[in-house]
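Enquirer: Here you go, this is work-v8.pdb (PDB, C-alpha atoms).
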```pdb
ATOM      1  CA  MET A   1     -40.356  18.198  30.149  1.00  0.00           C
ATOM      2  CA  ALA A   2     -39.861  15.174  27.915  1.00  0.00           C
ATOM      3  CA  GLU A   3     -36.852  14.005  25.937  1.00  0.00           C
ATOM      4  CA  ASP A   4     -36.565  11.320  23.297  1.00  0.00           C
ATOM      5  CA  TYR A   5     -33.476   9.145  23.695  1.00  0.00           C
ATOM      6  CA  GLY A   6     -34.348   6.658  20.970  1.00  0.00           C
ATOM      7  CA  TYR A   7     -34.827   2.937  21.218  1.00  0.00           C
ATOM      8  CA  VAL A   8     -33.609   0.570  23.905  1.00  0.00           C
ATOM      9  CA  GLN A   9     -30.505  -1.014  22.416  1.00  0.00           C
ATOM     10  CA  ASP A  10     -29.407  -3.247  25.282  1.00  0.00           C
ATOM     11  CA  VAL A  11     -30.231  -4.337  28.815  1.00  0.00           C
ATOM     12  CA  GLU A  12     -28.113  -5.133  31.849  1.00  0.00           C
ATOM     13  CA  ALA A  13     -29.099  -8.101  33.991  1.00  0.00           C
ATOM     14  CA  ASP A  14     -28.148  -9.812  37.229  1.00  0.00           C
ATOM     15  CA  PHE A  15     -27.544 -13.370  36.087  1.00  0.00           C
ATOM     16  CA  GLU A  16     -27.845 -14.755  39.595  1.00  0.00           C
ATOM     17  CA  THR A  17     -31.391 -13.439  40.087  1.00  0.00           C
ATOM     18  CA  GLY A  18     -32.412 -13.298  36.419  1.00  0.00           C
ATOM     19  CA  LYS A  19     -33.671  -9.718  36.860  1.00  0.00           C
ATOM     20  CA  ILE A  20     -33.052  -6.770  34.550  1.00  0.00           C
ATOM     21  CA  THR A  21     -31.044  -4.087  36.378  1.00  0.00           C
ATOM     22  CA  ALA A  22     -30.887  -1.374  33.681  1.00  0.00           C
ATOM     23  CA  ILE A  23     -31.735  -0.473  30.089  1.00  0.00           C
ATOM     24  CA  VAL A  24     -29.289   1.150  27.688  1.00  0.00           C
ATOM     25  CA  VAL A  25     -30.220   3.797  25.105  1.00  0.00           C
ATOM     26  CA  PRO A  26     -27.992   5.743  22.686  1.00  0.00           C
ATOM     27  CA  GLY A  27     -27.016   9.341  23.358  1.00  0.00           C
ATOM     28  CA  THR A  28     -25.189  11.570  25.769  1.00  0.00           C
ATOM     29  CA  SER A  29     -26.540  12.967  29.005  1.00  0.00           C
ATOM     30  CA  LYS A  30     -25.247  13.769  32.473  1.00  0.00           C
ATOM     31  CA  MET A  31     -28.450  12.493  34.109  1.00  0.00           C
ATOM     32  CA  PHE A  32     -27.412   8.841  34.258  1.00  0.00           C
ATOM     33  CA  THR A  33     -24.279   6.732  34.063  1.00  0.00           C
ATOM     34  CA  ILE A  34     -22.559   7.113  30.715  1.00  0.00           C
ATOM     35  CA  GLY A  35     -21.239   3.957  29.054  1.00  0.00           C
ATOM     36  CA  SER A  36     -18.099   3.645  26.995  1.00  0.00           C
ATOM     37  CA  LYS A  37     -19.778   4.609  23.682  1.00  0.00           C
ATOM     38  CA  GLY A  38     -21.725   7.583  25.000  1.00  0.00           C
ATOM     39  CA  ASP A  39     -24.689   5.343  25.745  1.00  0.00           C
ATOM     40  CA  ILE A  40     -27.087   6.188  28.572  1.00  0.00           C
ATOM     41  CA  THR A  41     -27.616   3.485  31.181  1.00  0.00           C
ATOM     42  CA  ILE A  42     -30.937   3.937  32.967  1.00  0.00           C
ATOM     43  CA  PRO A  43     -31.223   1.986  36.231  1.00  0.00           C
ATOM     44  CA  TRP A  44     -34.316  -0.224  36.429  1.00  0.00           C
ATOM     45  CA  ASN A  45     -35.423   1.461  39.669  1.00  0.00           C
ATOM     46  CA  LYS A  46     -35.749   4.783  37.774  1.00  0.00           C
ATOM     47  CA  ILE A  47     -38.255   3.368  35.263  1.00  0.00           C
ATOM     48  CA  ALA A  48     -41.722   4.579  36.246  1.00  0.00           C
ATOM     49  CA  ARG A  49     -43.830   2.937  33.540  1.00  0.00           C
ATOM     50  CA  ILE A  50     -43.403   0.925  30.335  1.00  0.00           C
ATOM     51  CA  GLY A  51     -45.970   1.344  27.564  1.00  0.00           C
ATOM     52  CA  ASP A  52     -46.325   0.004  24.022  1.00  0.00           C
ATOM     53  CA  ASP A  53     -44.138   2.725  22.520  1.00  0.00           C
ATOM     54  CA  ILE A  54     -42.738   4.714  25.450  1.00  0.00           C
ATOM     55  CA  ILE A  55     -40.797   4.235  28.665  1.00  0.00           C
ATOM     56  CA  LEU A  56     -41.296   6.871  31.384  1.00  0.00           C
ATOM     57  CA  VAL A  57     -38.262   7.499  33.569  1.00  0.00           C
ATOM     58  CA  GLU A  58     -38.075   9.303  36.899  1.00  0.00           C
ATOM     59  CA  ILE A  59     -35.340  11.925  37.090  1.00  0.00           C
TER      60      ILE A  59
END
```
Show me, as structure tokens, the structure contained in the file I just sent.
Expert:
Amino acid sequence: MAEDYGYVQDVEADFETGKITAIVVPGTSKMFTIGSKGDITIPWNKIARIGDDIILVEI
């Protein structure tokens, strides 16, 4: 099963290590942490693969 959540609109980072900790996409879902505007925060450790036009996420 695949779902389209749109484009990455923001990232979260650990400024001490300089590493990205999560990506943020628009929408509503109960699968991941929901931000204040209904955004979906996907933890970096759940990203399986990044391609030219798709990001695969483990559920």
Enquirer: Find the spatial neighbours of region 43-45 of chain A, counting only C-alpha atoms, within a cut-off of 7 Å - ignore same-chain residues fewer than 6 positions away - and output them as a list in words.
Expert: Ile20, Thr21, Ala22 and Ile23 of chain A
Enquirer: Quick one: pull the distance between CA of Gly27 (chain A) and CA of Val57 (chain A), Å, one decimal.
Expert: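 Pair CA of Gly27 (chain A) / CA of Val57 (chain A) returns 15.3 Å.
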Enquirer: To verify the selection step, state as an MDAnalysis selection string which residues the PyMOL selection byres ((chain A and resi 54) around 12) yields on this input.
Expert: chainID A and resid 2:8 47:53 55:57
Enquirer: Could you tell me how far CA of Pro26 (chain A) lies from CA of Glu12 (chain A), in Å and to one decimal?
Expert: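 About the pair CA of Pro26 (chain A) and CA of Glu12 (chain A): they are 14.2 Å apart.
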Enquirer: One decimal, Å: what's the distance from CA of Gly18 (chain A) over to CA of Ile40 (chain A), could you say?
Expert: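 CA of Ile40 (chain A) lies 21.7 Å from CA of Gly18 (chain A).
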Enquirer: Considering only C-alpha atoms, state which residue in the set A:Val25, A:Ile59, A:Asp10, A:Thr17 is at the smallest distance from Gly38 (chain A).
Expert: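 Checking each candidate against Gly38 (chain A), we get A:Val25 as the closest.
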